[in-house]
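Novice: Structure incoming, see below.
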Amino acid sequence: MLNRRDLLKLSGVTALGALLPSVGLAAGKNASGIFRFCLNTSTIRGQNPGLLKCIEIAAKAGYDGMELWVSDVLDYLKAGNAVHTLAKFISDRNLKVENAISFTTWMVDDPAKRKEGWKQLEEEMAIMAALGCPYIAAPPAGVERGRPVDLQETGHYYREILQLGRKHGVIPLLEFWGASGTLYNLSQALAIAAAADDPDAKILPDVYHLFRGSSGFNGLKLLSGTAVEVIHFNDYPADKPANEQTDSDRVYPGDGAAPLKQVLQYLLAMGGAKVLSLELFNKTYWARDPLTVAKTGLHKMKILVDTVL
């Protein structure tokens, strides 16, 4: 974890928030549309292209934005680079950082570890604010697998990190992991978000996790407006039981069994613009040219969107 002194040293500024007026990140090439297309760097992570090359690939492939992993950004900063340099690199390629992938211990039972997680998350929020990123993922990282979750108590923890997020203009998105046995189902996320009783509460759904955690997809009808801003878009094979599937089984949207047209229709019914972020961990794709993988994923997402617009 970076301490505040290190954070300021690495960023090269006295206040990360001071960068925001000067960065002026582009709104995205498809920002006026109902759907924006985003590349989560996990999709080409296995090829190890590096942070800057991932950004260049997303731009060349034609995406509107990206989901960056916080760990990659921290490695970039620890190498002596400045956050405003990264912000300009992204802006120059007409991309927007739509969301950041974080793994802090914000919801664990242990009070000391939880507060440490909140501190780390706020540091990450400050960096993401300097990159013009409005959201950061808040999954059940660090929670013992299969441990029951106190939904009311977790709602209070979620409200705490929402308050931290407003200080920086970076809102945490409540994420559930289908195989965690902890926070694994959409119904739990809905209950936690309701328990937070906060106007900025939002959920980060994932097609694979909706399937893997037995949420199904009809629960998306219960969400409206800005409750969902970003969704991890992917597909899963039909020939393997849900409880045997892992992240690496994810396939391109439209190449599996997920009811993606139904998902897109539910997103349309919610109202407002939505970010479709291609998040894959497929080792077969990792063996291929990363630009080809990125272009293929974008093409398949656009075909699906065209069927519902």
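Every chain in the structure tokens takes a letter, A first, then B, and so on in the order presented; its residues are numbered from 1, and the ligands are numbered from 1 following the presented order.
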Quick one: DSSP strand (DSSP E or B) residues in region 56-285 of chain A, as a PyMOL selection string?

Specialist: chain A and resi 65-69+96-101+135-138+171-175+203-204+206+230-233+235+251+274-278

Novice: Residues as selected, N, CA and C atoms, written as a compact mmCIF listing (two decimals), in the first residue's frame, can you do that?

Specialist:
# COMPACT_ATOMS: atom_id res chain seq x y z
N GLY A 65 -13.63 3.43 -24.12
CA GLY A 65 -12.98 3.59 -22.82
C GLY A 65 -12.32 2.30 -22.37
N MET A 66 -11.83 2.34 -21.13
CA MET A 66 -11.10 1.22 -20.56
C MET A 66 -11.46 1.03 -19.10
N GLU A 67 -11.30 -0.22 -18.65
CA GLU A 67 -11.27 -0.52 -17.22
C GLU A 67 -9.82 -0.90 -16.90
N LEU A 68 -9.17 -0.08 -16.08
CA LEU A 68 -7.79 -0.34 -15.70
C LEU A 68 -7.74 -1.07 -14.36
N TRP A 69 -6.76 -1.93 -14.19
CA TRP A 69 -6.51 -2.55 -12.90
C TRP A 69 -5.65 -1.60 -12.08
N LYS A 96 -11.53 7.12 -22.33
CA LYS A 96 -11.92 7.48 -20.97
C LYS A 96 -11.73 6.26 -20.08
N VAL A 97 -11.21 6.47 -18.88
CA VAL A 97 -11.14 5.39 -17.90
C VAL A 97 -12.52 5.31 -17.25
N GLU A 98 -13.27 4.26 -17.59
CA GLU A 98 -14.66 4.14 -17.15
C GLU A 98 -14.76 3.62 -15.72
N ASN A 99 -13.83 2.75 -15.33
CA ASN A 99 -13.88 2.11 -14.02
C ASN A 99 -12.50 1.56 -13.71
N ALA A 100 -12.24 1.31 -12.43
CA ALA A 100 -10.96 0.75 -12.01
C ALA A 100 -11.21 -0.53 -11.24
N ILE A 101 -10.36 -1.53 -11.47
CA ILE A 101 -10.50 -2.83 -10.81
C ILE A 101 -9.62 -2.83 -9.56
N TYR A 135 -15.50 5.75 -11.35
CA TYR A 135 -15.92 4.60 -10.54
C TYR A 135 -14.73 3.70 -10.20
N ILE A 136 -14.92 2.92 -9.13
CA ILE A 136 -13.93 1.93 -8.74
C ILE A 136 -14.68 0.72 -8.18
N ALA A 137 -14.22 -0.48 -8.53
CA ALA A 137 -14.92 -1.70 -8.11
C ALA A 137 -14.72 -1.97 -6.62
N ALA A 138 -15.78 -2.46 -5.97
CA ALA A 138 -15.72 -2.83 -4.55
C ALA A 138 -16.25 -4.26 -4.41
N ILE A 171 -16.93 6.95 -7.30
CA ILE A 171 -17.92 6.18 -6.56
C ILE A 171 -17.61 4.68 -6.63
N PRO A 172 -17.58 3.98 -5.49
CA PRO A 172 -17.36 2.54 -5.50
C PRO A 172 -18.60 1.79 -5.98
N LEU A 173 -18.38 0.85 -6.89
CA LEU A 173 -19.46 0.02 -7.43
C LEU A 173 -19.45 -1.32 -6.71
N LEU A 174 -20.57 -1.68 -6.11
CA LEU A 174 -20.68 -2.92 -5.36
C LEU A 174 -20.66 -4.11 -6.32
N GLU A 175 -19.63 -4.95 -6.18
CA GLU A 175 -19.45 -6.08 -7.10
C GLU A 175 -19.60 -7.40 -6.35
N ILE A 203 -24.51 -0.90 -8.38
CA ILE A 203 -24.10 -2.30 -8.47
C ILE A 203 -23.33 -2.52 -9.76
N LEU A 204 -22.26 -3.33 -9.67
CA LEU A 204 -21.47 -3.70 -10.84
C LEU A 204 -21.76 -5.17 -11.18
N ASP A 206 -22.02 -8.61 -13.65
CA ASP A 206 -21.14 -9.29 -14.59
C ASP A 206 -21.92 -10.48 -15.13
N VAL A 230 -22.03 0.47 -15.20
CA VAL A 230 -21.06 -0.37 -15.91
C VAL A 230 -21.46 -1.82 -15.71
N ILE A 231 -21.34 -2.63 -16.76
CA ILE A 231 -21.56 -4.07 -16.63
C ILE A 231 -20.41 -4.79 -17.32
N HIS A 232 -19.89 -5.82 -16.66
CA HIS A 232 -18.86 -6.66 -17.28
C HIS A 232 -19.56 -7.58 -18.27
N PHE A 233 -19.19 -7.42 -19.52
CA PHE A 233 -19.89 -8.10 -20.61
C PHE A 233 -19.04 -9.25 -21.12
N ASP A 235 -19.52 -13.95 -21.99
CA ASP A 235 -20.41 -15.08 -22.23
C ASP A 235 -19.79 -16.32 -21.60
N VAL A 251 -16.10 -16.61 -22.58
CA VAL A 251 -15.87 -16.52 -24.03
C VAL A 251 -16.42 -15.18 -24.54
N LYS A 274 -25.09 3.20 -20.64
CA LYS A 274 -24.46 2.09 -19.95
C LYS A 274 -23.12 1.76 -20.61
N VAL A 275 -22.17 1.37 -19.80
CA VAL A 275 -20.86 0.96 -20.29
C VAL A 275 -20.81 -0.56 -20.34
N LEU A 276 -20.57 -1.10 -21.53
CA LEU A 276 -20.37 -2.53 -21.71
C LEU A 276 -18.88 -2.79 -21.74
N SER A 277 -18.38 -3.41 -20.68
CA SER A 277 -16.94 -3.63 -20.56
C SER A 277 -16.61 -5.09 -20.81
N LEU A 278 -15.82 -5.35 -21.84
CA LEU A 278 -15.42 -6.71 -22.18
C LEU A 278 -14.39 -7.19 -21.15

Novice: Any idea what the distance is between CA of Cys54 (chain A) and CA of Thr307 (chain A)?

Specialist: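 Computing the Euclidean distance for CA of Cys54 (chain A) and CA of Thr307 (chain A) yields 28.9 Å.
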
Novice: Enumerate, as a tab-separated table (two decimals) with N, CA and C atoms, in the first residue's frame, the complete set of residues in region 11-257 of chain A that a backbone-based DSSP assignment places in alpha helix (DSSP H).

Specialist:
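Listing of out07.tsv after writing:
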chain	number	residue	atom	x	y	z
A	11	SER	N	3.06	10.87	-7.80
A	11	SER	CA	2.19	11.62	-8.70
A	11	SER	C	2.86	12.87	-9.22
A	20	LEU	N	-7.51	17.65	-12.04
A	20	LEU	CA	-8.76	17.40	-12.75
A	20	LEU	C	-9.14	18.49	-13.75
A	21	PRO	N	-9.06	19.79	-13.40
A	21	PRO	CA	-9.46	20.79	-14.38
A	21	PRO	C	-8.58	20.80	-15.61
A	22	SER	N	-7.30	20.41	-15.47
A	22	SER	CA	-6.38	20.52	-16.59
A	22	SER	C	-6.31	19.28	-17.46
A	23	VAL	N	-6.81	18.15	-16.94
A	23	VAL	CA	-6.68	16.92	-17.69
A	23	VAL	C	-7.62	16.91	-18.89
A	51	LEU	N	0.89	-1.71	-19.34
A	51	LEU	CA	-0.20	-0.75	-19.21
A	51	LEU	C	-0.33	0.15	-20.44
A	52	LEU	N	0.75	0.77	-20.86
A	52	LEU	CA	0.67	1.73	-21.97
A	52	LEU	C	0.28	1.03	-23.27
A	53	LYS	N	0.81	-0.15	-23.49
A	53	LYS	CA	0.47	-0.88	-24.71
A	53	LYS	C	-1.01	-1.28	-24.69
A	54	CYS	N	-1.53	-1.66	-23.50
A	54	CYS	CA	-2.96	-1.98	-23.39
A	54	CYS	C	-3.81	-0.79	-23.81
A	55	ILE	N	-3.41	0.38	-23.38
A	55	ILE	CA	-4.15	1.60	-23.73
A	55	ILE	C	-4.10	1.84	-25.23
A	56	GLU	N	-2.93	1.65	-25.82
A	56	GLU	CA	-2.80	1.83	-27.27
A	56	GLU	C	-3.65	0.82	-28.03
A	57	ILE	N	-3.68	-0.40	-27.54
A	57	ILE	CA	-4.50	-1.44	-28.19
A	57	ILE	C	-5.97	-1.08	-28.14
A	58	ALA	N	-6.45	-0.62	-26.98
A	58	ALA	CA	-7.86	-0.23	-26.87
A	58	ALA	C	-8.20	0.87	-27.84
A	59	ALA	N	-7.30	1.84	-27.99
A	59	ALA	CA	-7.54	2.95	-28.91
A	59	ALA	C	-7.55	2.46	-30.36
A	60	LYS	N	-6.58	1.64	-30.73
A	60	LYS	CA	-6.50	1.14	-32.11
A	60	LYS	C	-7.69	0.25	-32.44
A	61	ALA	N	-8.18	-0.49	-31.46
A	61	ALA	CA	-9.31	-1.39	-31.70
A	61	ALA	C	-10.62	-0.62	-31.86
A	70	VAL	N	-6.08	-1.32	-10.86
A	70	VAL	CA	-5.35	-0.40	-9.99
A	70	VAL	C	-3.91	-0.87	-9.81
A	71	SER	N	-3.69	-2.17	-9.68
A	71	SER	CA	-2.34	-2.69	-9.47
A	71	SER	C	-1.41	-2.31	-10.62
A	72	ASP	N	-1.92	-2.27	-11.85
A	72	ASP	CA	-1.09	-1.88	-12.99
A	72	ASP	C	-0.73	-0.41	-12.92
A	73	VAL	N	-1.69	0.41	-12.51
A	73	VAL	CA	-1.43	1.84	-12.37
A	73	VAL	C	-0.40	2.10	-11.27
A	74	LEU	N	-0.52	1.39	-10.15
A	74	LEU	CA	0.44	1.55	-9.06
A	74	LEU	C	1.85	1.14	-9.49
A	75	ASP	N	1.96	0.06	-10.26
A	75	ASP	CA	3.26	-0.36	-10.77
A	75	ASP	C	3.86	0.72	-11.66
A	76	TYR	N	3.03	1.34	-12.48
A	76	TYR	CA	3.46	2.43	-13.35
A	76	TYR	C	4.00	3.59	-12.53
A	77	LEU	N	3.30	3.94	-11.46
A	77	LEU	CA	3.73	5.05	-10.61
A	77	LEU	C	4.99	4.70	-9.83
A	78	LYS	N	5.06	3.47	-9.35
A	78	LYS	CA	6.22	3.05	-8.58
A	78	LYS	C	7.50	3.03	-9.42
A	83	VAL	N	1.24	10.53	-12.45
A	83	VAL	CA	-0.14	10.23	-12.80
A	83	VAL	C	-0.64	11.16	-13.90
A	84	HIS	N	-0.18	12.42	-13.90
A	84	HIS	CA	-0.67	13.33	-14.94
A	84	HIS	C	-0.12	12.94	-16.31
A	85	THR	N	1.04	12.29	-16.35
A	85	THR	CA	1.58	11.79	-17.62
A	85	THR	C	0.70	10.68	-18.17
A	86	LEU	N	0.26	9.80	-17.29
A	86	LEU	CA	-0.64	8.72	-17.70
A	86	LEU	C	-1.98	9.29	-18.15
A	87	ALA	N	-2.48	10.28	-17.43
A	87	ALA	CA	-3.76	10.89	-17.80
A	87	ALA	C	-3.68	11.49	-19.20
A	88	LYS	N	-2.58	12.14	-19.51
A	88	LYS	CA	-2.42	12.74	-20.85
A	88	LYS	C	-2.28	11.66	-21.91
A	89	PHE	N	-1.58	10.59	-21.59
A	89	PHE	CA	-1.41	9.48	-22.54
A	89	PHE	C	-2.78	8.92	-22.92
A	90	ILE	N	-3.65	8.78	-21.94
A	90	ILE	CA	-4.99	8.25	-22.19
A	90	ILE	C	-5.83	9.26	-22.96
A	91	SER	N	-5.78	10.51	-22.54
A	91	SER	CA	-6.56	11.56	-23.18
A	91	SER	C	-6.17	11.75	-24.65
A	111	PRO	N	-11.92	-5.49	12.17
A	111	PRO	CA	-11.98	-4.01	12.10
A	111	PRO	C	-10.68	-3.37	11.62
A	112	ALA	N	-9.54	-3.88	12.07
A	112	ALA	CA	-8.26	-3.29	11.68
A	112	ALA	C	-8.01	-3.48	10.18
A	113	LYS	N	-8.27	-4.69	9.69
A	113	LYS	CA	-8.07	-4.96	8.26
A	113	LYS	C	-9.07	-4.18	7.42
A	114	ARG	N	-10.28	-4.03	7.97
A	114	ARG	CA	-11.30	-3.28	7.23
A	114	ARG	C	-10.90	-1.81	7.11
A	115	LYS	N	-10.43	-1.21	8.19
A	115	LYS	CA	-10.01	0.20	8.15
A	115	LYS	C	-8.80	0.38	7.25
A	116	GLU	N	-7.91	-0.63	7.27
A	116	GLU	CA	-6.76	-0.58	6.36
A	116	GLU	C	-7.25	-0.62	4.90
A	117	GLY	N	-8.27	-1.43	4.66
A	117	GLY	CA	-8.85	-1.50	3.33
A	117	GLY	C	-9.48	-0.18	2.92
A	118	TRP	N	-10.15	0.48	3.84
A	118	TRP	CA	-10.75	1.78	3.53
A	118	TRP	C	-9.67	2.81	3.19
A	119	LYS	N	-8.58	2.77	3.95
A	119	LYS	CA	-7.48	3.71	3.71
A	119	LYS	C	-6.87	3.48	2.33
A	120	GLN	N	-6.62	2.21	2.01
A	120	GLN	CA	-6.06	1.88	0.71
A	120	GLN	C	-7.01	2.29	-0.41
A	121	LEU	N	-8.29	2.02	-0.20
A	121	LEU	CA	-9.28	2.36	-1.22
A	121	LEU	C	-9.32	3.87	-1.46
A	122	GLU	N	-9.22	4.65	-0.41
A	122	GLU	CA	-9.24	6.11	-0.60
A	122	GLU	C	-8.00	6.57	-1.37
A	123	GLU	N	-6.86	5.97	-1.10
A	123	GLU	CA	-5.65	6.31	-1.85
A	123	GLU	C	-5.85	6.00	-3.34
A	124	GLU	N	-6.46	4.85	-3.61
A	124	GLU	CA	-6.72	4.47	-5.00
A	124	GLU	C	-7.73	5.41	-5.64
A	125	MET	N	-8.74	5.82	-4.88
A	125	MET	CA	-9.72	6.77	-5.40
A	125	MET	C	-9.05	8.08	-5.82
A	126	ALA	N	-8.09	8.54	-5.03
A	126	ALA	CA	-7.40	9.79	-5.34
A	126	ALA	C	-6.65	9.67	-6.68
A	127	ILE	N	-6.03	8.54	-6.90
A	127	ILE	CA	-5.32	8.33	-8.16
A	127	ILE	C	-6.29	8.27	-9.32
A	128	MET	N	-7.39	7.53	-9.13
A	128	MET	CA	-8.37	7.39	-10.21
A	128	MET	C	-9.03	8.74	-10.53
A	129	ALA	N	-9.21	9.56	-9.52
A	129	ALA	CA	-9.77	10.90	-9.75
A	129	ALA	C	-8.86	11.69	-10.69
A	130	ALA	N	-7.55	11.55	-10.51
A	130	ALA	CA	-6.60	12.26	-11.36
A	130	ALA	C	-6.61	11.74	-12.78
A	151	LEU	N	-25.79	-8.82	5.78
A	151	LEU	CA	-26.17	-7.86	4.74
A	151	LEU	C	-26.33	-6.44	5.28
A	152	GLN	N	-26.93	-6.33	6.46
A	152	GLN	CA	-27.13	-5.00	7.05
A	152	GLN	C	-25.79	-4.35	7.41
A	153	GLU	N	-24.93	-5.14	8.04
A	153	GLU	CA	-23.63	-4.60	8.45
A	153	GLU	C	-22.79	-4.23	7.22
A	154	THR	N	-22.82	-5.08	6.21
A	154	THR	CA	-22.07	-4.77	5.00
A	154	THR	C	-22.62	-3.54	4.31
A	155	GLY	N	-23.92	-3.33	4.41
A	155	GLY	CA	-24.51	-2.10	3.89
A	155	GLY	C	-23.94	-0.88	4.57
A	156	HIS	N	-23.69	-0.97	5.88
A	156	HIS	CA	-23.08	0.15	6.60
A	156	HIS	C	-21.65	0.39	6.11
A	157	TYR	N	-20.90	-0.71	5.87
A	157	TYR	CA	-19.54	-0.57	5.36
A	157	TYR	C	-19.55	0.06	3.97
A	158	TYR	N	-20.52	-0.36	3.17
A	158	TYR	CA	-20.61	0.20	1.83
A	158	TYR	C	-20.90	1.70	1.88
A	159	ARG	N	-21.77	2.10	2.78
A	159	ARG	CA	-22.06	3.53	2.93
A	159	ARG	C	-20.80	4.30	3.31
A	160	GLU	N	-19.97	3.71	4.16
A	160	GLU	CA	-18.71	4.37	4.56
A	160	GLU	C	-17.82	4.63	3.36
A	161	ILE	N	-17.67	3.65	2.48
A	161	ILE	CA	-16.77	3.86	1.35
A	161	ILE	C	-17.43	4.75	0.27
A	162	LEU	N	-18.76	4.78	0.24
A	162	LEU	CA	-19.43	5.74	-0.64
A	162	LEU	C	-19.12	7.18	-0.20
A	163	GLN	N	-19.09	7.38	1.11
A	163	GLN	CA	-18.74	8.70	1.63
A	163	GLN	C	-17.30	9.07	1.29
A	164	LEU	N	-16.40	8.09	1.36
A	164	LEU	CA	-15.02	8.34	0.96
A	164	LEU	C	-14.96	8.70	-0.53
A	165	GLY	N	-15.74	7.98	-1.32
A	165	GLY	CA	-15.72	8.21	-2.75
A	165	GLY	C	-16.19	9.60	-3.14
A	166	ARG	N	-17.17	10.12	-2.43
A	166	ARG	CA	-17.67	11.45	-2.77
A	166	ARG	C	-16.61	12.53	-2.54
A	167	LYS	N	-15.69	12.29	-1.62
A	167	LYS	CA	-14.62	13.25	-1.37
A	167	LYS	C	-13.74	13.41	-2.60
A	168	HIS	N	-13.66	12.38	-3.42
A	168	HIS	CA	-12.77	12.39	-4.57
A	168	HIS	C	-13.51	12.36	-5.91
A	186	LEU	N	-26.85	-11.61	-6.98
A	186	LEU	CA	-27.43	-10.29	-7.18
A	186	LEU	C	-28.35	-9.90	-6.04
A	187	SER	N	-29.10	-10.87	-5.50
A	187	SER	CA	-30.04	-10.57	-4.42
A	187	SER	C	-29.30	-10.02	-3.19
A	188	GLN	N	-28.10	-10.54	-2.91
A	188	GLN	CA	-27.31	-10.02	-1.79
A	188	GLN	C	-26.86	-8.59	-2.08
A	189	ALA	N	-26.41	-8.35	-3.30
A	189	ALA	CA	-25.96	-7.01	-3.66
A	189	ALA	C	-27.10	-6.00	-3.55
A	190	LEU	N	-28.29	-6.41	-3.98
A	190	LEU	CA	-29.45	-5.53	-3.87
A	190	LEU	C	-29.75	-5.20	-2.41
A	191	ALA	N	-29.66	-6.21	-1.54
A	191	ALA	CA	-29.94	-5.99	-0.12
A	191	ALA	C	-28.89	-5.09	0.51
A	192	ILE	N	-27.63	-5.29	0.17
A	192	ILE	CA	-26.56	-4.45	0.73
A	192	ILE	C	-26.70	-3.01	0.25
A	193	ALA	N	-26.98	-2.83	-1.03
A	193	ALA	CA	-27.16	-1.48	-1.56
A	193	ALA	C	-28.34	-0.78	-0.89
A	194	ALA	N	-29.42	-1.53	-0.65
A	194	ALA	CA	-30.58	-0.95	0.04
A	194	ALA	C	-30.23	-0.60	1.49
A	195	ALA	N	-29.47	-1.49	2.15
A	195	ALA	CA	-29.09	-1.26	3.54
A	195	ALA	C	-28.18	-0.04	3.68
A	196	ALA	N	-27.41	0.27	2.63
A	196	ALA	CA	-26.54	1.44	2.68
A	196	ALA	C	-27.36	2.73	2.75
A	207	VAL	N	-22.01	-10.62	-16.43
A	207	VAL	CA	-22.81	-11.69	-17.03
A	207	VAL	C	-22.35	-13.06	-16.50
A	208	TYR	N	-21.05	-13.29	-16.48
A	208	TYR	CA	-20.53	-14.57	-15.99
A	208	TYR	C	-20.90	-14.79	-14.52
A	209	HIS	N	-20.73	-13.76	-13.69
A	209	HIS	CA	-21.02	-13.92	-12.26
A	209	HIS	C	-22.51	-14.09	-12.00
A	210	LEU	N	-23.37	-13.48	-12.81
A	210	LEU	CA	-24.80	-13.70	-12.68
A	210	LEU	C	-25.13	-15.18	-12.91
A	211	PHE	N	-24.44	-15.78	-13.87
A	211	PHE	CA	-24.62	-17.20	-14.17
A	211	PHE	C	-23.97	-18.07	-13.10
A	212	ARG	N	-22.72	-17.77	-12.77
A	212	ARG	CA	-21.95	-18.64	-11.87
A	212	ARG	C	-22.52	-18.66	-10.45

Novice: Pick from A:Val308, A:Ala141, A:Met301, A:Ala227: nearest to Leu268 (chain A), with only C-alpha atoms counted?

Specialist: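 Nearest to Leu268 (chain A): A:Val308.
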
Novice: In Å to one decimal, how far is CA of Gly272 (chain A) from CA of Ile34 (chain A)?

Specialist: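 For CA of Ile34 (chain A) relative to CA of Gly272 (chain A), the distance reads 6.7 Å.
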
Novice: Residues near Trp177 (chain A), anyone? I mean within 8 Å using only C-alpha atoms, not counting same-chain ones fewer than 2 positions away, as a list in words.

Specialist: Pro139, Pro140, Glu175, Ala179, Ser180, Thr182, Leu183, Tyr184, Asn185, His209 and Gly213 of chain A
